[in-house]
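Student: One file is attached below, target.cif, containing mmCIF, C-alpha atoms.
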data_data
loop_
_atom_site.group_PDB
_atom_site.id
_atom_site.type_symbol
_atom_site.label_atom_id
_atom_site.label_comp_id
_atom_site.auth_asym_id
_atom_site.auth_seq_id
_atom_site.Cartn_x
_atom_site.Cartn_y
_atom_site.Cartn_z
ATOM 1 C CA MET A 1 19.463 20.076 10.729
ATOM 2 C CA ARG A 2 16.951 20.384 7.873
ATOM 3 C CA GLU A 3 13.863 22.445 8.667
ATOM 4 C CA LEU A 4 10.732 20.309 8.647
ATOM 5 C CA PRO A 5 8.113 20.936 5.931
ATOM 6 C CA PRO A 6 4.660 22.140 7.046
ATOM 7 C CA LEU A 7 2.674 19.498 8.926
ATOM 8 C CA ASN A 8 -0.347 19.954 6.629
ATOM 9 C CA ALA A 9 1.768 19.090 3.596
ATOM 10 C CA LEU A 10 3.111 15.964 5.282
ATOM 11 C CA ARG A 11 -0.421 14.944 6.328
ATOM 12 C CA ALA A 12 -1.730 15.469 2.791
ATOM 13 C CA PHE A 13 1.040 13.438 1.196
ATOM 14 C CA GLU A 14 0.769 10.592 3.726
ATOM 15 C CA ALA A 15 -2.997 10.326 3.206
ATOM 16 C CA LEU A 16 -2.618 10.438 -0.587
ATOM 17 C CA GLY A 17 0.071 7.767 -0.605
ATOM 18 C CA ARG A 18 -1.776 5.490 1.823
ATOM 19 C CA ARG A 19 -5.220 5.853 0.239
ATOM 20 C CA GLY A 20 -4.019 5.862 -3.376
ATOM 21 C CA SER A 21 -6.235 8.613 -4.781
ATOM 22 C CA LEU A 22 -6.903 12.331 -4.408
ATOM 23 C CA SER A 23 -10.584 11.781 -3.665
ATOM 24 C CA ALA A 24 -9.966 9.271 -0.867
ATOM 25 C CA ALA A 25 -7.293 11.471 0.709
ATOM 26 C CA ALA A 26 -9.496 14.556 0.447
ATOM 27 C CA ASP A 27 -12.421 12.735 2.061
ATOM 28 C CA GLU A 28 -10.241 11.513 4.933
ATOM 29 C CA LEU A 29 -8.826 14.958 5.698
ATOM 30 C CA ASN A 30 -12.095 16.774 4.911
ATOM 31 C CA VAL A 31 -10.508 19.098 2.329
ATOM 32 C CA THR A 32 -10.791 19.560 -1.439
ATOM 33 C CA HIS A 33 -8.936 17.596 -4.105
ATOM 34 C CA GLY A 34 -7.156 20.792 -5.076
ATOM 35 C CA ALA A 35 -5.916 21.338 -1.547
ATOM 36 C CA ILE A 36 -4.335 17.864 -1.441
ATOM 37 C CA SER A 37 -2.708 18.340 -4.845
ATOM 38 C CA LYS A 38 -1.368 21.780 -3.898
ATOM 39 C CA GLN A 39 0.094 20.558 -0.603
ATOM 40 C CA VAL A 40 1.840 17.600 -2.247
ATOM 41 C CA LYS A 41 3.312 19.780 -5.002
ATOM 42 C CA GLN A 42 4.593 22.204 -2.381
ATOM 43 C CA LEU A 43 6.142 19.313 -0.452
ATOM 44 C CA GLU A 44 7.881 18.006 -3.575
ATOM 45 C CA GLY A 45 9.231 21.490 -4.234
ATOM 46 C CA ARG A 46 10.377 21.876 -0.646
ATOM 47 C CA LEU A 47 12.214 18.530 -0.747
ATOM 48 C CA SER A 48 13.368 18.882 -4.385
ATOM 49 C CA THR A 49 12.218 15.271 -4.808
ATOM 50 C CA ARG A 50 9.494 13.686 -6.922
ATOM 51 C CA LEU A 51 7.209 11.742 -4.595
ATOM 52 C CA ILE A 52 4.291 10.624 -6.771
ATOM 53 C CA ALA A 53 3.629 9.608 -10.375
ATOM 54 C CA ARG A 54 0.070 9.699 -11.630
ATOM 55 C CA SER A 55 -1.358 6.333 -12.706
ATOM 56 C CA GLY A 56 -4.752 6.495 -14.437
ATOM 57 C CA ARG A 57 -7.245 7.858 -11.930
ATOM 58 C CA GLY A 58 -4.985 7.073 -8.981
ATOM 59 C CA VAL A 59 -1.419 7.798 -7.961
ATOM 60 C CA GLU A 60 1.682 5.690 -7.700
ATOM 61 C CA LEU A 61 4.502 6.475 -5.316
ATOM 62 C CA THR A 62 8.082 6.790 -6.456
ATOM 63 C CA PRO A 63 10.624 4.771 -4.425
ATOM 64 C CA GLU A 64 11.457 7.958 -2.500
ATOM 65 C CA GLY A 65 7.765 8.616 -1.958
ATOM 66 C CA ARG A 66 7.173 5.067 -0.714
ATOM 67 C CA ARG A 67 9.942 5.343 1.866
ATOM 68 C CA LEU A 68 8.692 8.713 3.092
ATOM 69 C CA MET A 69 5.052 7.597 3.230
ATOM 70 C CA GLU A 70 5.845 4.481 5.272
ATOM 71 C CA ARG A 71 7.768 6.483 7.838
ATOM 72 C CA LEU A 72 5.132 9.221 8.012
ATOM 73 C CA THR A 73 2.371 6.661 8.535
ATOM 74 C CA ARG A 74 4.317 5.172 11.405
ATOM 75 C CA ALA A 75 5.052 8.602 12.901
ATOM 76 C CA PHE A 76 1.460 9.840 12.672
ATOM 77 C CA GLY A 77 0.201 6.581 14.146
ATOM 78 C CA GLN A 78 2.558 6.973 17.083
ATOM 79 C CA LEU A 79 1.458 10.587 17.597
ATOM 80 C CA ASP A 80 -2.213 9.609 17.541
ATOM 81 C CA ALA A 81 -1.595 6.748 19.968
ATOM 82 C CA ALA A 82 0.365 9.016 22.296
ATOM 83 C CA MET A 83 -2.373 11.647 22.396
ATOM 84 C CA GLN A 84 -5.146 9.110 22.841
ATOM 85 C CA SER A 85 -3.273 7.324 25.611
ATOM 86 C CA LEU A 86 -3.536 10.511 27.691
ATOM 87 C CA ASP A 87 -7.246 9.839 27.837
ATOM 88 C CA ALA A 88 -7.080 6.047 27.932
ATOM 89 C CA GLY A 89 -9.875 5.915 30.482
ATOM 90 C CA ALA A 90 -12.308 7.135 27.827
ATOM 91 C CA HIS A 91 -11.539 4.084 25.695
ATOM 92 C CA GLU A 92 -13.345 0.961 26.785
ATOM 93 C CA GLY A 93 -15.442 -1.893 25.472
ATOM 94 C CA THR A 94 -14.696 -4.920 23.302
ATOM 95 C CA ILE A 95 -13.103 -4.986 19.854
ATOM 96 C CA THR A 96 -13.552 -8.090 17.694
ATOM 97 C CA ILE A 97 -10.849 -8.647 15.089
ATOM 98 C CA SER A 98 -10.902 -11.126 12.223
ATOM 99 C CA CYS A 99 -7.354 -11.990 11.203
ATOM 100 C CA MET A 100 -5.468 -14.374 8.931
ATOM 101 C CA PRO A 101 -4.246 -17.255 11.171
ATOM 102 C CA ALA A 102 -0.555 -16.859 10.317
ATOM 103 C CA LEU A 103 -0.625 -13.120 10.930
ATOM 104 C CA ALA A 104 -2.510 -13.585 14.204
ATOM 105 C CA SER A 105 -0.148 -16.160 15.691
ATOM 106 C CA ASN A 106 3.150 -14.877 14.302
ATOM 107 C CA TRP A 107 2.708 -11.127 14.561
ATOM 108 C CA LEU A 108 -0.459 -9.806 16.226
ATOM 109 C CA ILE A 109 -0.672 -11.882 19.400
ATOM 110 C CA PRO A 110 2.911 -11.152 20.557
ATOM 111 C CA LYS A 111 2.173 -7.419 20.294
ATOM 112 C CA LEU A 112 -1.265 -7.249 21.959
ATOM 113 C CA GLU A 113 0.159 -6.745 25.437
ATOM 114 C CA GLN A 114 1.614 -3.435 24.249
ATOM 115 C CA PHE A 115 -1.854 -2.243 23.250
ATOM 116 C CA SER A 116 -3.423 -3.458 26.489
ATOM 117 C CA THR A 117 -0.851 -1.502 28.467
ATOM 118 C CA LEU A 118 -1.969 1.673 26.688
ATOM 119 C CA TYR A 119 -5.695 0.892 26.839
ATOM 120 C CA PRO A 120 -6.391 -1.436 29.783
ATOM 121 C CA LYS A 121 -10.176 -1.032 29.527
ATOM 122 C CA ILE A 122 -10.409 -2.329 25.956
ATOM 123 C CA ASP A 123 -10.926 -6.097 25.591
ATOM 124 C CA ILE A 124 -9.736 -7.823 22.411
ATOM 125 C CA VAL A 125 -11.402 -10.801 20.717
ATOM 126 C CA VAL A 126 -9.414 -12.375 17.853
ATOM 127 C CA MET A 127 -11.150 -14.633 15.319
ATOM 128 C CA ALA A 128 -9.142 -16.616 12.763
ATOM 129 C CA SER A 129 -10.257 -16.486 9.140
ATOM 130 C CA SER A 130 -8.296 -17.547 6.065
ATOM 131 C CA SER A 131 -10.680 -16.058 3.498
ATOM 132 C CA ALA A 132 -10.322 -12.594 1.975
ATOM 133 C CA ASP A 133 -13.458 -13.033 -0.135
ATOM 134 C CA ALA A 134 -15.864 -10.084 0.132
ATOM 135 C CA ASN A 135 -18.874 -12.312 0.843
ATOM 136 C CA ALA A 136 -16.971 -14.325 3.444
ATOM 137 C CA ILE A 137 -15.893 -11.302 5.445
ATOM 138 C CA ASP A 138 -19.459 -9.964 5.432
ATOM 139 C CA ALA A 139 -20.539 -13.174 7.163
ATOM 140 C CA ILE A 140 -18.036 -12.706 9.995
ATOM 141 C CA ARG A 141 -19.175 -10.575 12.910
ATOM 142 C CA ALA A 142 -16.044 -8.503 13.432
ATOM 143 C CA ASP A 143 -15.309 -4.826 13.905
ATOM 144 C CA LEU A 144 -12.035 -4.976 11.995
ATOM 145 C CA HIS A 145 -10.632 -7.401 9.418
ATOM 146 C CA LEU A 146 -6.899 -7.880 8.842
ATOM 147 C CA LEU A 147 -6.762 -9.242 5.297
ATOM 148 C CA TYR A 148 -4.128 -10.204 2.775
ATOM 149 C CA GLY A 149 -4.873 -9.825 -0.910
ATOM 150 C CA ARG A 150 -6.011 -7.212 -3.411
ATOM 151 C CA PRO A 151 -8.229 -4.358 -2.139
ATOM 152 C CA ASP A 152 -11.421 -5.650 -3.735
ATOM 153 C CA TRP A 153 -13.896 -5.124 -0.916
ATOM 154 C CA PRO A 154 -16.706 -2.870 -2.173
ATOM 155 C CA GLY A 155 -18.378 -0.637 0.372
ATOM 156 C CA LYS A 156 -15.620 -1.016 2.978
ATOM 157 C CA GLU A 157 -13.163 1.381 4.587
ATOM 158 C CA ILE A 158 -9.699 0.161 3.579
ATOM 159 C CA ARG A 159 -6.307 1.141 5.015
ATOM 160 C CA LEU A 160 -3.071 -0.206 3.580
ATOM 161 C CA LEU A 161 -0.936 -1.816 6.273
ATOM 162 C CA THR A 162 2.056 -3.028 4.288
ATOM 163 C CA GLN A 163 3.207 -4.901 1.235
ATOM 164 C CA LEU A 164 5.329 -7.966 1.834
ATOM 165 C CA THR A 165 9.023 -8.454 1.246
ATOM 166 C CA LEU A 166 9.852 -12.161 0.835
ATOM 167 C CA PHE A 167 13.173 -13.877 1.530
ATOM 168 C CA PRO A 168 14.593 -17.294 2.555
ATOM 169 C CA VAL A 169 14.862 -18.123 6.265
ATOM 170 C CA CYS A 170 16.276 -21.065 8.178
ATOM 171 C CA SER A 171 17.420 -22.012 11.652
ATOM 172 C CA PRO A 172 20.891 -20.900 12.769
ATOM 173 C CA GLY A 173 21.907 -24.564 12.880
ATOM 174 C CA VAL A 174 20.935 -25.102 9.254
ATOM 175 C CA ALA A 175 22.698 -21.920 8.193
ATOM 176 C CA ASN A 176 25.901 -23.055 9.906
ATOM 177 C CA SER A 177 25.782 -26.672 8.711
ATOM 178 C CA LEU A 178 25.051 -26.216 5.006
ATOM 179 C CA PRO A 179 28.145 -25.055 3.094
ATOM 180 C CA GLY A 180 27.935 -22.951 -0.014
ATOM 181 C CA LEU A 181 24.582 -21.316 0.752
ATOM 182 C CA ASN A 182 25.447 -17.902 -0.613
ATOM 183 C CA SER A 183 23.046 -17.133 -3.462
ATOM 184 C CA VAL A 184 19.644 -17.922 -4.951
ATOM 185 C CA GLN A 185 21.096 -20.607 -7.247
ATOM 186 C CA ASP A 186 22.555 -22.435 -4.245
ATOM 187 C CA LEU A 187 19.046 -23.070 -2.907
ATOM 188 C CA PHE A 188 18.594 -25.907 -5.413
ATOM 189 C CA ASN A 189 21.113 -27.942 -3.390
ATOM 190 C CA TYR A 190 19.118 -27.877 -0.153
ATOM 191 C CA PRO A 191 15.694 -29.018 1.126
ATOM 192 C CA LEU A 192 13.037 -26.335 0.745
ATOM 193 C CA ILE A 193 9.848 -26.011 2.809
ATOM 194 C CA ASP A 194 6.837 -24.968 0.720
ATOM 195 C CA ASN A 195 3.045 -25.001 0.536
ATOM 196 C CA PRO A 196 1.245 -27.915 -1.179
ATOM 197 C CA GLU A 197 0.946 -25.951 -4.429
ATOM 198 C CA GLY A 198 4.641 -25.076 -4.478
ATOM 199 C CA THR A 199 3.902 -21.405 -5.168
ATOM 200 C CA GLN A 200 5.999 -19.788 -2.429
ATOM 201 C CA TRP A 201 9.317 -20.795 -3.934
ATOM 202 C CA ARG A 202 8.057 -20.713 -7.526
ATOM 203 C CA ASP A 203 7.393 -16.974 -7.333
ATOM 204 C CA TYR A 204 10.758 -16.375 -5.708
ATOM 205 C CA PHE A 205 12.764 -18.302 -8.301
ATOM 206 C CA LEU A 206 10.815 -16.805 -11.212
ATOM 207 C CA SER A 207 11.645 -13.305 -10.010
ATOM 208 C CA TYR A 208 15.325 -14.197 -10.503
ATOM 209 C CA GLY A 209 14.717 -15.846 -13.885
ATOM 210 C CA LEU A 210 15.157 -19.403 -12.603
ATOM 211 C CA ASP A 211 13.130 -22.554 -13.265
ATOM 212 C CA ASP A 212 12.024 -24.086 -9.965
ATOM 213 C CA SER A 213 11.426 -27.603 -11.334
ATOM 214 C CA ALA A 214 14.751 -28.872 -9.956
ATOM 215 C CA ALA A 215 14.082 -27.605 -6.433
ATOM 216 C CA ARG A 216 13.783 -30.222 -3.660
ATOM 217 C CA ARG A 217 10.619 -29.815 -1.591
ATOM 218 C CA PRO A 218 10.512 -32.725 0.891
ATOM 219 C CA TYR A 219 8.158 -30.882 3.278
ATOM 220 C CA ARG A 220 4.978 -29.002 2.364
ATOM 221 C CA PHE A 221 2.505 -27.399 4.749
ATOM 222 C CA GLN A 222 -0.831 -25.755 4.085
ATOM 223 C CA ASP A 223 -0.430 -23.071 6.754
ATOM 224 C CA PHE A 224 2.392 -20.531 6.601
ATOM 225 C CA THR A 225 2.837 -20.772 10.383
ATOM 226 C CA LEU A 226 3.674 -24.466 10.008
ATOM 227 C CA CYS A 227 6.274 -23.630 7.357
ATOM 228 C CA LEU A 228 8.042 -21.308 9.794
ATOM 229 C CA ALA A 229 7.761 -23.911 12.573
ATOM 230 C CA ALA A 230 9.377 -26.486 10.272
ATOM 231 C CA ALA A 231 12.202 -24.057 9.547
ATOM 232 C CA ARG A 232 12.744 -23.485 13.272
ATOM 233 C CA ALA A 233 12.899 -27.275 13.712
ATOM 234 C CA GLY A 234 15.722 -27.464 11.159
ATOM 235 C CA LEU A 235 13.799 -29.313 8.429
ATOM 236 C CA GLY A 236 15.057 -27.007 5.703
ATOM 237 C CA ILE A 237 14.779 -23.512 4.277
ATOM 238 C CA ALA A 238 11.404 -21.758 4.250
ATOM 239 C CA MET A 239 10.094 -18.618 2.607
ATOM 240 C CA GLY A 240 9.804 -15.849 5.186
ATOM 241 C CA ASP A 241 8.539 -12.296 5.029
ATOM 242 C CA ASN A 242 9.076 -9.029 6.873
ATOM 243 C CA VAL A 243 5.849 -9.412 8.902
ATOM 244 C CA ASN A 244 5.299 -13.045 9.856
ATOM 245 C CA ALA A 245 8.981 -13.887 10.284
ATOM 246 C CA GLU A 246 9.788 -10.691 12.209
ATOM 247 C CA PRO A 247 9.508 -12.178 15.745
ATOM 248 C CA ASP A 248 11.711 -15.157 14.809
ATOM 249 C CA LEU A 249 14.326 -12.931 13.163
ATOM 250 C CA THR A 250 14.367 -10.534 16.106
ATOM 251 C CA SER A 251 14.801 -13.384 18.611
ATOM 252 C CA GLY A 252 17.374 -15.225 16.492
ATOM 253 C CA ARG A 253 15.263 -18.382 16.129
ATOM 254 C CA LEU A 254 15.495 -17.870 12.364
ATOM 255 C CA VAL A 255 18.136 -16.169 10.248
ATOM 256 C CA ARG A 256 18.413 -14.983 6.663
ATOM 257 C CA PRO A 257 21.212 -16.925 4.900
ATOM 258 C CA PHE A 258 21.591 -14.123 2.318
ATOM 259 C CA ARG A 259 19.907 -10.803 1.475
ATOM 260 C CA GLU A 260 18.161 -11.442 -1.863
ATOM 261 C CA THR A 261 14.460 -10.511 -1.590
ATOM 262 C CA ILE A 262 11.370 -10.015 -3.727
ATOM 263 C CA ARG A 263 8.492 -7.628 -3.077
ATOM 264 C CA ARG A 264 4.854 -8.533 -3.667
ATOM 265 C CA GLN A 265 3.383 -5.633 -5.662
ATOM 266 C CA SER A 266 -0.159 -6.817 -6.394
ATOM 267 C CA GLN A 267 -1.080 -8.031 -2.890
ATOM 268 C CA ALA A 268 -0.660 -6.547 0.560
ATOM 269 C CA TYR A 269 -2.030 -6.539 4.116
ATOM 270 C CA TYR A 270 -5.035 -4.276 4.646
ATOM 271 C CA LEU A 271 -7.173 -3.156 7.572
ATOM 272 C CA VAL A 272 -10.819 -3.332 6.519
ATOM 273 C CA SER A 273 -13.940 -2.114 8.325
ATOM 274 C CA ARG A 274 -17.503 -1.015 7.697
ATOM 275 C CA PRO A 275 -17.978 2.680 6.817
ATOM 276 C CA GLY A 276 -18.936 4.739 9.844
ATOM 277 C CA SER A 277 -18.150 1.951 12.311
ATOM 278 C CA GLN A 278 -15.170 3.677 13.914
ATOM 279 C CA ASN A 279 -15.579 4.758 17.537
ATOM 280 C CA ALA A 280 -12.860 6.018 19.883
ATOM 281 C CA SER A 281 -11.697 2.515 20.801
ATOM 282 C CA LEU A 282 -11.603 1.257 17.217
ATOM 283 C CA THR A 283 -9.750 4.374 16.095
ATOM 284 C CA ALA A 284 -7.194 3.899 18.874
ATOM 285 C CA PHE A 285 -6.626 0.272 17.903
ATOM 286 C CA SER A 286 -6.482 1.047 14.166
ATOM 287 C CA ASN A 287 -3.886 3.788 14.640
ATOM 288 C CA TRP A 288 -1.827 1.632 16.969
ATOM 289 C CA LEU A 289 -1.964 -1.265 14.493
ATOM 290 C CA VAL A 290 -0.860 0.897 11.557
ATOM 291 C CA ALA A 291 2.058 2.284 13.578
ATOM 292 C CA GLU A 292 3.194 -1.187 14.693
ATOM 293 C CA MET A 293 2.916 -2.583 11.174
ATOM 294 C CA GLN A 294 4.985 0.260 9.778
ATOM 295 C CA LYS A 295 7.688 -0.479 12.351
ATOM 296 C CA THR A 296 7.758 -4.044 11.047
ATOM 297 C CA ALA A 297 7.634 -3.018 7.387
ATOM 298 C CA THR A 298 10.777 -0.913 7.682
ATOM 299 C CA LEU A 299 12.924 -3.596 9.310
ATOM 300 C CA PRO A 300 16.167 -4.200 7.369
#
Output the file's structure in the form of structure tokens.

Tutor:
Amino acid sequence: MRELPPLNALRAFEALGRRGSLSAAADELNVTHGAISKQVKQLEGRLSTRLIARSGRGVELTPEGRRLMERLTRAFGQLDAAMQSLDAGAHEGTITISCMPALASNWLIPKLEQFSTLYPKIDIVVMASSSADANAIDAIRADLHLLYGRPDWPGKEIRLLTQLTLFPVCSPGVANSLPGLNSVQDLFNYPLIDNPEGTQWRDYFLSYGLDDSAARRPYRFQDFTLCLAAARAGLGIAMGDNVNAEPDLTSGRLVRPFRETIRRQSQAYYLVSRPGSQNASLTAFSNWLVAEMQKTATLP
């Protein structure tokens, strides 16, 4: 069994990868930039693997670094939650969360009972908001915001939750009844469920060098949750992702007809809050949320 690297080096790398810059990681861990850089270099030497590649003033993870960072974030979140649960009685009050509707209904709500079991004295209020605009989120009275987009929220504390992996999903009945559904090109022969703008499938086909103009889109829904509901009802094939479609895939209500995926690089899910707003209860929820999201993000 391989000997584990020093915990400080793992902490430094995880913070650097998650925050995206030496300064942000140093501020979080209350150390110098040089200390973060030294720890990460030592970790790379210990593992004989390149984990980061500098990108302008920030850093970019290598594929190996991305895989390690995601698993470390999940592990540290679980450790924090475990330690805090020993003193669950000290965590109480109400947390108000603003969340994208699809994420709230498909992913967050089914998992809230787990959090309440750990922290029974913390009450949760969930508010639905579709806007990731900086001015819009300032107008919402919430302790935490679960947002999808680019991290353009000046003056806010921002934690990366996960990028999205996108792939086709359909009901088991559809998968069994439609012959020849084996590749991306085959999708042109079957009804596709999309949004009114047609962008979900357009991005997917473009990533494989295909023109989507011949695709059949008999059903279009504004909300992503409705697209998944239509797929469960057998209306056609929808675009799923590793977060919102996770409960349906786990239960078998939806299946993936084949494995081809695309990964959204420019947009991701983030946890956003006001600087200095974290108390014990908010920290407990934030760490639990990050750990649960990382479990989802690493699903096959």

Student: With 12 Å as the threshold, what does the neighbourhood of (-17.0, 0.2, 7.9) contain in terms of residues, counting only C-alpha atoms? Coordinates are those of the file; answer as a count of residues only.

Tutor: 24

Student: Using all atoms listed in the file, give me every residue within 12 Å of (-0.2, -0.2, 14.0) in file coordinates, as a VMD selection string.

Tutor: chain A and resid 70 73 to 81 107 to 108 111 to 112 114 to 115 146 159 to 162 269 to 271 282 to 297

Student: Report, in Å to a single decimal, how far apart atom CA of A:Glu246 and atom CA of A:Val125 are.

Tutor: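 Computing it gives 22.8 Å between the two atoms.
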
Student: Need to verify the contact set: A:Val174, 12 Å, all atoms listed in the file, exclusion of same-chain residues closer than 3 positions in sequence. Can you return it as a ChimeraX atom specification?

Tutor: /A:169-171,177-181,190-192,230-238,253-257

Student: Measuring atom to atom with all atoms listed in the file, identify which of A:His33, A:Asn106, A:Gly240, A:Ala24 is nearest to A:Arg259.

Tutor: A:Gly240

Student: May I have the residues within 10 Å of A:Gln222 as a short mmCIF file (atom, residue, chain, number, x, y, z; two decimals) with C-alpha atoms, in the frame of the given file, using only C-alpha atoms and disregarding those fewer than 4 positions away in the same chain?

Tutor:
data_model
loop_
_atom_site.label_atom_id
_atom_site.label_comp_id
_atom_site.auth_asym_id
_atom_site.auth_seq_id
_atom_site.Cartn_x
_atom_site.Cartn_y
_atom_site.Cartn_z
CA ASP A 194 6.84 -24.97 0.72
CA ASN A 195 3.04 -25.00 0.54
CA PRO A 196 1.25 -27.92 -1.18
CA GLU A 197 0.95 -25.95 -4.43
CA LEU A 226 3.67 -24.47 10.01
CA CYS A 227 6.27 -23.63 7.36
#

Student: Can you work out which one of A:Thr94, A:Thr261, A:Asn30, A:Asn244 has the shortest atom-to-atom distance to A:Ser207, counting all atoms listed in the file?

Tutor: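 Looking at the shortest contact to A:Ser207, the residue is A:Thr261.
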
Student: If I take atom CA of A:Ser48 and atom CA of A:Ser21, how far is one from the other in Å, to one decimal?

Tutor: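 The value is 22.1 Å.
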
Student: Pick the closest to A:Asp248 from A:Ser105, A:Thr199, A:Thr117, A:Gln163: which is it, counting only C-alpha atoms?

Tutor: A:Ser105

Student: Just want the 12 Å neighbourhood of A:Ile52, counted on all atoms listed in the file, with same-chain residues fewer than 6 positions away dropped. Output as a list in words.

Tutor: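 Here the answer would be Phe13, Glu14, Leu16, Gly17, Arg18, Gly20, Ser21, Leu22, Ser37, Val40, Lys41, Leu43, Glu44, Gly58, Val59, Glu60, Leu61, Thr62, Pro63, Glu64, Gly65, Arg66, Arg67, Leu68 and Met69 of chain A.
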
Student: Which residue is closest to A:Gly173? Choose from A:Thr49, A:Gly252, A:Glu3, A:Arg71 and count all atoms listed in the file.

Tutor: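 Among A:Thr49, A:Gly252, A:Glu3, A:Arg71, it is A:Gly252 that comes nearest to A:Gly173.
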
Student: Quote the spacing between atom CA of A:Met239 and atom CA of A:Ile193 in Å to one decimal place.

Tutor: 7.4 Å

Student: Could you tell me which of A:Ala9, A:Leu206, A:Ala214, A:Ile109 comes closest to A:Asn189 if we count all atoms listed in the file?

Tutor: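 Ranking A:Ala9, A:Leu206, A:Ala214, A:Ile109 by distance to A:Asn189, first place goes to A:Ala214.
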
Student: Name the residues in contact with A:Arg264 at a cut-off of 12 Å, using all atoms listed in the file, excluding same-chain residues fewer than 5 positions from it; report them as JSON, numbers by chain.

Tutor: {"A": [148, 149, 150, 162, 163, 164, 165, 166, 167, 200, 203, 204, 207, 241, 242, 269]}

Student: When distances are computed from all atoms listed in the file, which of A:Ala139, A:Pro5, A:Ser281, A:Ser183 shows the smallest separation from A:His91?

Tutor: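 So, comparing all the options, the nearest one is A:Ser281.
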